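Step one of this worksheet: look at the structure below.
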Amino acid sequence: MGGESPMDFELTEEQLEIKRAVREFCLKEFTDEVMRRYAESEEFPWDLYRKAAQLGFIGIHMPEEYGGQGYGYLENVLVTEEMVRANPELGITLVFGDFGTELILMFGTEEQKRRYIPRITRGEGLSAAAFTEPSGGSDISKRLETVAVKEGDEWVINGSKMFITNANISDFIIVLCQTDLEVEPPYRGQSLFIVDRGTPGVDVDKLTGKLGLKPSQTCSVSFSDVRVPEENLLGELNRGFYHTLQYLNESRLEIAAQGVGLAQGALDMALKYAKERTLFGEPLYRLQAVSHKLADMAIKVEAARLLTYKAAWLADQGETDPMISSMAKVYAARAGFEVVEEAAQIFGGYFFFEDYPIERFYRIAKVIEVYEGTKEVQKDTIARFLLKRPT
Ligand SMILES: Cc1cc2nc3c(=O)[nH]c(=O)nc-3n(C[C@H](O)[C@H](O)[C@H](O)COP(=O)(O)OP(=O)(O)OC[C@H]3O[C@@H](n4cnc5c(N)ncnc54)[C@H](O)[C@@H]3O)c2cc1C
């Protein structure tokens with residue numbers, strides 16, 4: 001940010017240029033025809049992903065030596081916000097393309113970073129990260145059902161994971177496993193492993209029938225005697241839970257940015273519609289009940305954006321604050337939901353039809369409050385940090 005503190009929120013000229021460039025890309029590429037094609041086929045939009053990567057938008061915050069652009073979390077937030085604002089289905093699908101790659105950046109060996117990251121940042125491959133299990137995603141501190149046991153110089157993985165984005169088409173899946181079956185509390189015995197595409201024993205099923213995010217691939221994954229070499233351990237043995245929390249504190253910023261983008265996109269549409277639609281001989285916005293709605297929506301967008309930028313700014317200073325990251329995720333996801341709901345109201349019956357993009361926003365609004373930590377789980381985190389503070 002241009003100023004000295006996160007509250008001096010003016011973006012630099014370069015950051016504004018990134019926002020403009022992403023918006024231009026989305027307006028050109030996310031056409032109605034493209035949207036229809038991917039919504040119907042439910043295929044991953046590889047052509048869009050490669051183009052976005054060529055322009056440097058995928059993994060913009062990854063170091064240049066691994067094919068990224070060397071920017072910070074704030075710039076990644078700006079890319080996400082603009083992509084989702086333009087089209088949440090395609091935008092979220094694209095920004096999730098590198099989900100989990102940052103775990104390698106944070107905890108990987110030099111060899112792992114060079115081997116896995118550049119294909120993702122170049123748009124040639126996708127990544128996936130598997131924490132959630134069929135028995136629940138909110139509590140990953142439990143004894144995991146997915147277990148890795150050491151045999152010679154290999155680890156043998158058995159178990160299953162649920163709702164894993166990109167698992168069917170990714171280069172690799174980073175899997176959180178129980179590696180110490182005795183330790184108490186169990187989270188002290190979890191580790192992360194990189195499972196390469198095509199490893200025998202990995203069975204991936206693409207889940208269908210989703211409410212939205214159709215082009216994004218969501219899968220269940222089962223592991224039956226999956227053997228990975230010792231060098232595929234990611235980070236420290238039995239520190240996987242801590243690595244995961246550290247990673248989520250930062251990846252959560254991207255989810256907050258999804259909420260901001262969703263809210264801004266819905267506000268854009270509602271404003272335009274309220275000016276164009278005439279009722280009682282006047283534009284809709286002249287009705288005070290409508291103009292107050294628009295004002296409330298704009299307040300939420302602005303507040304969500306400030307909180308999200310602040311959380312990202314802190315991360316860029318090396319001062320990631322889990323409480324602020326969680327606040328940003330909870331608040332921005334809620335703002336997205338509420339602003340979309342009010343925008344739908346302003347559209348009247350038209351919101352219910354897919355010819356109007358607001359319908360697409362409506363179908364996606366709820367899930368942002370759920371994935372990468374539900375709002376209840378985030379509030380637990382916020383309260384825990386709040387109560388630690390001196391009163
Ligand atoms: C489209 C999509 C993509 C996803 N992608 C991935 C992915 O790539 N990788 C991955 O690992 N996961 C992924 N997820 C999973 C997602 O993170 C989980 O759905 C989420 O963490 C919640 O877990 P759950 O669905 O098992 O719900 P549960 O854990 O069963 O929770 C059910 C309800 O109980 C509430 N609850 C739980 N604990 C508490 C508590 N202590 N206090 C109060 N309430 C509580 C929850 O908030 C929730 O409302 C994805 C999910 C979706 C929908």
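Every chain in the structure tokens takes a letter, A first, then B, and so on in the order presented; its residues are numbered from 1, and the ligands are numbered from 1 following the presented order.
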Inset, instruction - May I have the residues within 10 Å of ligand 1, computed using only C-alpha atoms and all ligand atoms, as a PyMOL selection string? - result: chain A and resi 92-93+96-97+99-100+127-140+161-167+173-176+207+210-214+216-220+364+366-380
Inset, instruction - Name the residues of region 49-145 of chain A that fall into alpha helix (DSSP H) according to DSSP on the backbone, using the chain letters and numbers of this document, as a ChimeraX atom specification. - result: /A:49-54,73-86,88-95,101-107,110-121
Selected residues written out, C-alpha atoms, as an mmCIF file, in the first residue's frame:
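Here's the written file selection_19.cif:
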```
data_model
loop_
_atom_site.group_PDB
_atom_site.id
_atom_site.type_symbol
_atom_site.label_atom_id
_atom_site.label_comp_id
_atom_site.auth_asym_id
_atom_site.auth_seq_id
_atom_site.Cartn_x
_atom_site.Cartn_y
_atom_site.Cartn_z
ATOM 1 C CA TYR A 49 -6.194 -20.596 -16.725
ATOM 2 C CA ARG A 50 -3.199 -20.650 -19.095
ATOM 3 C CA LYS A 51 -3.944 -17.143 -20.314
ATOM 4 C CA ALA A 52 -4.292 -15.860 -16.744
ATOM 5 C CA ALA A 53 -0.991 -17.517 -15.832
ATOM 6 C CA GLN A 54 0.757 -16.054 -18.882
ATOM 7 C CA TYR A 73 -0.418 -11.179 -0.502
ATOM 8 C CA LEU A 74 -2.122 -7.847 -1.089
ATOM 9 C CA GLU A 75 -1.568 -8.107 -4.836
ATOM 10 C CA ASN A 76 -2.926 -11.670 -4.727
ATOM 11 C CA VAL A 77 -5.993 -10.311 -2.925
ATOM 12 C CA LEU A 78 -6.439 -7.683 -5.661
ATOM 13 C CA VAL A 79 -6.282 -10.316 -8.418
ATOM 14 C CA THR A 80 -8.837 -12.505 -6.613
ATOM 15 C CA GLU A 81 -11.167 -9.607 -5.885
ATOM 16 C CA GLU A 82 -11.282 -8.506 -9.528
ATOM 17 C CA MET A 83 -11.662 -12.033 -10.916
ATOM 18 C CA VAL A 84 -14.569 -12.828 -8.602
ATOM 19 C CA ARG A 85 -16.171 -9.425 -9.118
ATOM 20 C CA ALA A 86 -16.291 -10.085 -12.856
ATOM 21 C CA PRO A 88 -17.525 -15.695 -9.409
ATOM 22 C CA GLU A 89 -17.859 -19.103 -11.117
ATOM 23 C CA LEU A 90 -14.877 -18.623 -13.389
ATOM 24 C CA GLY A 91 -12.940 -16.305 -11.067
ATOM 25 C CA ILE A 92 -12.970 -18.662 -8.081
ATOM 26 C CA THR A 93 -12.214 -21.638 -10.326
ATOM 27 C CA LEU A 94 -9.098 -19.915 -11.664
ATOM 28 C CA VAL A 95 -7.744 -18.596 -8.366
ATOM 29 C CA THR A 101 1.095 -24.708 -3.718
ATOM 30 C CA GLU A 102 2.014 -22.210 -1.050
ATOM 31 C CA LEU A 103 2.491 -25.052 1.433
ATOM 32 C CA ILE A 104 5.471 -26.085 -0.688
ATOM 33 C CA LEU A 105 6.761 -22.532 -0.776
ATOM 34 C CA MET A 106 6.443 -22.260 2.995
ATOM 35 C CA PHE A 107 7.735 -25.658 4.101
ATOM 36 C CA GLU A 110 14.591 -26.376 -2.385
ATOM 37 C CA GLU A 111 14.259 -29.481 -4.543
ATOM 38 C CA GLN A 112 10.492 -29.688 -3.917
ATOM 39 C CA LYS A 113 10.031 -25.992 -4.705
ATOM 40 C CA ARG A 114 11.882 -26.284 -8.008
ATOM 41 C CA ARG A 115 10.131 -29.501 -8.931
ATOM 42 C CA TYR A 116 6.533 -28.549 -8.178
ATOM 43 C CA ILE A 117 5.924 -24.781 -8.160
ATOM 44 C CA PRO A 118 6.945 -23.514 -11.649
ATOM 45 C CA ARG A 119 4.491 -25.741 -13.553
ATOM 46 C CA ILE A 120 1.680 -24.242 -11.493
ATOM 47 C CA THR A 121 2.717 -20.603 -11.844
#
```
Legend entry - Backbone-only DSSP, strand (DSSP E or B) members of region 42-231 of chain A, as a ChimeraX atom specification: /A:127-130,133,136,147-151,154-165,172-178,190-196,202-206,218-229
Save out the residues we just selected, N, CA and C atoms, as a short mmCIF file (atom, residue, chain, number, x, y, z; two decimals), in the first residue's frame.
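Final output, out-v3.cif:
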```cif
data_model
loop_
_atom_site.label_atom_id
_atom_site.label_comp_id
_atom_site.auth_asym_id
_atom_site.auth_seq_id
_atom_site.Cartn_x
_atom_site.Cartn_y
_atom_site.Cartn_z
N SER A 127 -2.67 -27.58 -8.59
CA SER A 127 -2.32 -28.27 -7.35
C SER A 127 -3.59 -28.52 -6.54
N ALA A 128 -3.47 -29.42 -5.57
CA ALA A 128 -4.61 -29.71 -4.68
C ALA A 128 -4.07 -29.96 -3.28
N ALA A 129 -4.89 -29.65 -2.29
CA ALA A 129 -4.50 -29.90 -0.89
C ALA A 129 -5.67 -30.53 -0.17
N ALA A 130 -5.41 -31.62 0.54
CA ALA A 130 -6.49 -32.42 1.13
C ALA A 130 -6.38 -32.48 2.64
N GLU A 133 -11.90 -34.55 5.83
CA GLU A 133 -12.22 -35.98 5.73
C GLU A 133 -13.74 -36.14 5.72
N GLY A 136 -15.68 -35.06 8.74
CA GLY A 136 -15.71 -33.66 9.20
C GLY A 136 -14.47 -32.88 8.82
N VAL A 147 -4.11 -42.30 7.31
CA VAL A 147 -2.94 -42.67 8.11
C VAL A 147 -1.76 -42.96 7.18
N ALA A 148 -0.57 -42.50 7.56
CA ALA A 148 0.64 -42.86 6.81
C ALA A 148 1.58 -43.63 7.74
N VAL A 149 2.00 -44.80 7.28
CA VAL A 149 2.88 -45.65 8.10
C VAL A 149 4.19 -45.85 7.35
N LYS A 150 5.29 -45.74 8.08
CA LYS A 150 6.61 -45.86 7.44
C LYS A 150 6.94 -47.34 7.21
N GLU A 151 7.32 -47.66 5.97
CA GLU A 151 7.82 -49.02 5.66
C GLU A 151 9.10 -48.86 4.87
N GLU A 154 9.85 -45.79 2.52
CA GLU A 154 8.60 -45.28 1.92
C GLU A 154 7.55 -45.05 3.01
N TRP A 155 6.56 -44.23 2.67
CA TRP A 155 5.38 -44.07 3.53
C TRP A 155 4.19 -44.70 2.80
N VAL A 156 3.37 -45.42 3.55
CA VAL A 156 2.21 -46.08 2.95
C VAL A 156 0.95 -45.40 3.50
N ILE A 157 0.16 -44.82 2.57
CA ILE A 157 -1.01 -44.02 2.97
C ILE A 157 -2.30 -44.79 2.72
N ASN A 158 -3.18 -44.79 3.73
CA ASN A 158 -4.53 -45.36 3.61
C ASN A 158 -5.53 -44.39 4.22
N GLY A 159 -6.69 -44.27 3.57
CA GLY A 159 -7.73 -43.39 4.14
C GLY A 159 -8.47 -42.68 3.04
N SER A 160 -9.24 -41.63 3.42
CA SER A 160 -9.99 -40.90 2.39
C SER A 160 -10.18 -39.43 2.78
N LYS A 161 -10.35 -38.63 1.75
CA LYS A 161 -10.55 -37.19 1.92
C LYS A 161 -11.78 -36.77 1.11
N MET A 162 -12.35 -35.65 1.51
CA MET A 162 -13.64 -35.22 0.93
C MET A 162 -13.55 -33.78 0.44
N PHE A 163 -14.29 -33.47 -0.62
CA PHE A 163 -14.42 -32.09 -1.16
C PHE A 163 -13.08 -31.52 -1.63
N ILE A 164 -12.25 -32.31 -2.26
CA ILE A 164 -10.90 -31.82 -2.59
C ILE A 164 -10.90 -31.16 -3.98
N THR A 165 -10.60 -29.87 -3.99
CA THR A 165 -10.62 -29.09 -5.23
C THR A 165 -9.47 -29.52 -6.14
N PHE A 172 -0.38 -32.84 -8.40
CA PHE A 172 -0.10 -33.52 -7.12
C PHE A 172 -1.17 -33.12 -6.11
N ILE A 173 -1.29 -33.94 -5.06
CA ILE A 173 -2.19 -33.60 -3.96
C ILE A 173 -1.35 -33.59 -2.68
N ILE A 174 -1.45 -32.52 -1.93
CA ILE A 174 -0.77 -32.48 -0.63
C ILE A 174 -1.77 -33.02 0.40
N VAL A 175 -1.38 -34.07 1.11
CA VAL A 175 -2.34 -34.79 1.96
C VAL A 175 -1.90 -34.73 3.42
N LEU A 176 -2.84 -34.32 4.26
CA LEU A 176 -2.57 -34.29 5.71
C LEU A 176 -2.92 -35.67 6.28
N CYS A 177 -1.91 -36.31 6.89
CA CYS A 177 -2.09 -37.69 7.38
C CYS A 177 -1.71 -37.79 8.86
N GLN A 178 -2.26 -38.81 9.51
CA GLN A 178 -1.84 -39.14 10.88
C GLN A 178 -0.59 -40.01 10.77
N GLN A 190 0.61 -35.41 13.19
CA GLN A 190 0.14 -35.34 11.79
C GLN A 190 1.26 -34.82 10.90
N SER A 191 1.27 -35.29 9.65
CA SER A 191 2.31 -34.84 8.70
C SER A 191 1.71 -34.65 7.31
N LEU A 192 2.41 -33.85 6.52
CA LEU A 192 1.95 -33.57 5.14
C LEU A 192 2.81 -34.37 4.15
N PHE A 193 2.16 -34.91 3.13
CA PHE A 193 2.88 -35.63 2.07
C PHE A 193 2.43 -35.12 0.71
N ILE A 194 3.38 -35.12 -0.22
CA ILE A 194 3.03 -34.77 -1.61
C ILE A 194 2.79 -36.09 -2.35
N VAL A 195 1.58 -36.26 -2.85
CA VAL A 195 1.26 -37.48 -3.62
C VAL A 195 1.16 -37.08 -5.10
N ASP A 196 2.07 -37.61 -5.90
CA ASP A 196 2.12 -37.23 -7.32
C ASP A 196 0.95 -37.84 -8.09
N VAL A 202 -4.36 -44.38 -5.66
CA VAL A 202 -5.15 -43.16 -5.46
C VAL A 202 -6.39 -43.24 -6.35
N ASP A 203 -7.56 -43.14 -5.74
CA ASP A 203 -8.80 -43.23 -6.50
C ASP A 203 -9.58 -41.92 -6.31
N VAL A 204 -9.81 -41.21 -7.40
CA VAL A 204 -10.47 -39.90 -7.31
C VAL A 204 -11.83 -39.94 -7.98
N ASP A 205 -12.85 -39.47 -7.28
CA ASP A 205 -14.20 -39.38 -7.86
C ASP A 205 -14.63 -37.93 -7.92
N LYS A 206 -14.97 -37.47 -9.10
CA LYS A 206 -15.46 -36.09 -9.22
C LYS A 206 -16.90 -36.03 -8.70
N THR A 218 -14.55 -30.62 -7.81
CA THR A 218 -14.59 -30.96 -6.38
C THR A 218 -14.68 -32.49 -6.29
N CYS A 219 -13.82 -33.09 -5.50
CA CYS A 219 -13.68 -34.55 -5.58
C CYS A 219 -13.60 -35.21 -4.21
N SER A 220 -13.95 -36.50 -4.19
CA SER A 220 -13.58 -37.33 -3.04
C SER A 220 -12.37 -38.15 -3.48
N VAL A 221 -11.49 -38.42 -2.53
CA VAL A 221 -10.25 -39.13 -2.87
C VAL A 221 -10.05 -40.26 -1.87
N SER A 222 -9.74 -41.46 -2.37
CA SER A 222 -9.39 -42.52 -1.41
C SER A 222 -7.98 -43.03 -1.70
N PHE A 223 -7.32 -43.42 -0.64
CA PHE A 223 -5.92 -43.87 -0.72
C PHE A 223 -5.86 -45.31 -0.22
N SER A 224 -5.45 -46.22 -1.08
CA SER A 224 -5.33 -47.62 -0.66
C SER A 224 -3.90 -48.07 -0.88
N ASP A 225 -3.18 -48.24 0.20
CA ASP A 225 -1.76 -48.64 0.15
C ASP A 225 -0.98 -47.80 -0.86
N VAL A 226 -1.15 -46.50 -0.74
CA VAL A 226 -0.45 -45.57 -1.64
C VAL A 226 0.98 -45.37 -1.11
N ARG A 227 1.97 -45.70 -1.93
CA ARG A 227 3.36 -45.62 -1.47
C ARG A 227 4.01 -44.35 -2.00
N VAL A 228 4.55 -43.55 -1.07
CA VAL A 228 5.30 -42.36 -1.51
C VAL A 228 6.70 -42.42 -0.90
N PRO A 229 7.69 -41.96 -1.67
CA PRO A 229 9.06 -41.99 -1.13
C PRO A 229 9.23 -41.00 0.03
#
```
Legend entry - A:Leu253, A:Asn87, A:Ala298, A:Gln264 ranked by distance to Ala39 (chain A), top pick (using only C-alpha atoms): A:Asn87
Inset, instruction - May I have the residues within 7 Å of Trp313 (chain A) as a list of chain:residue names, using only C-alpha atoms and disregarding those fewer than 3 positions away in the same chain? - result: A:Pro6, A:Leu74, A:Tyr309, A:Lys310, A:Asp316, A:Gln317
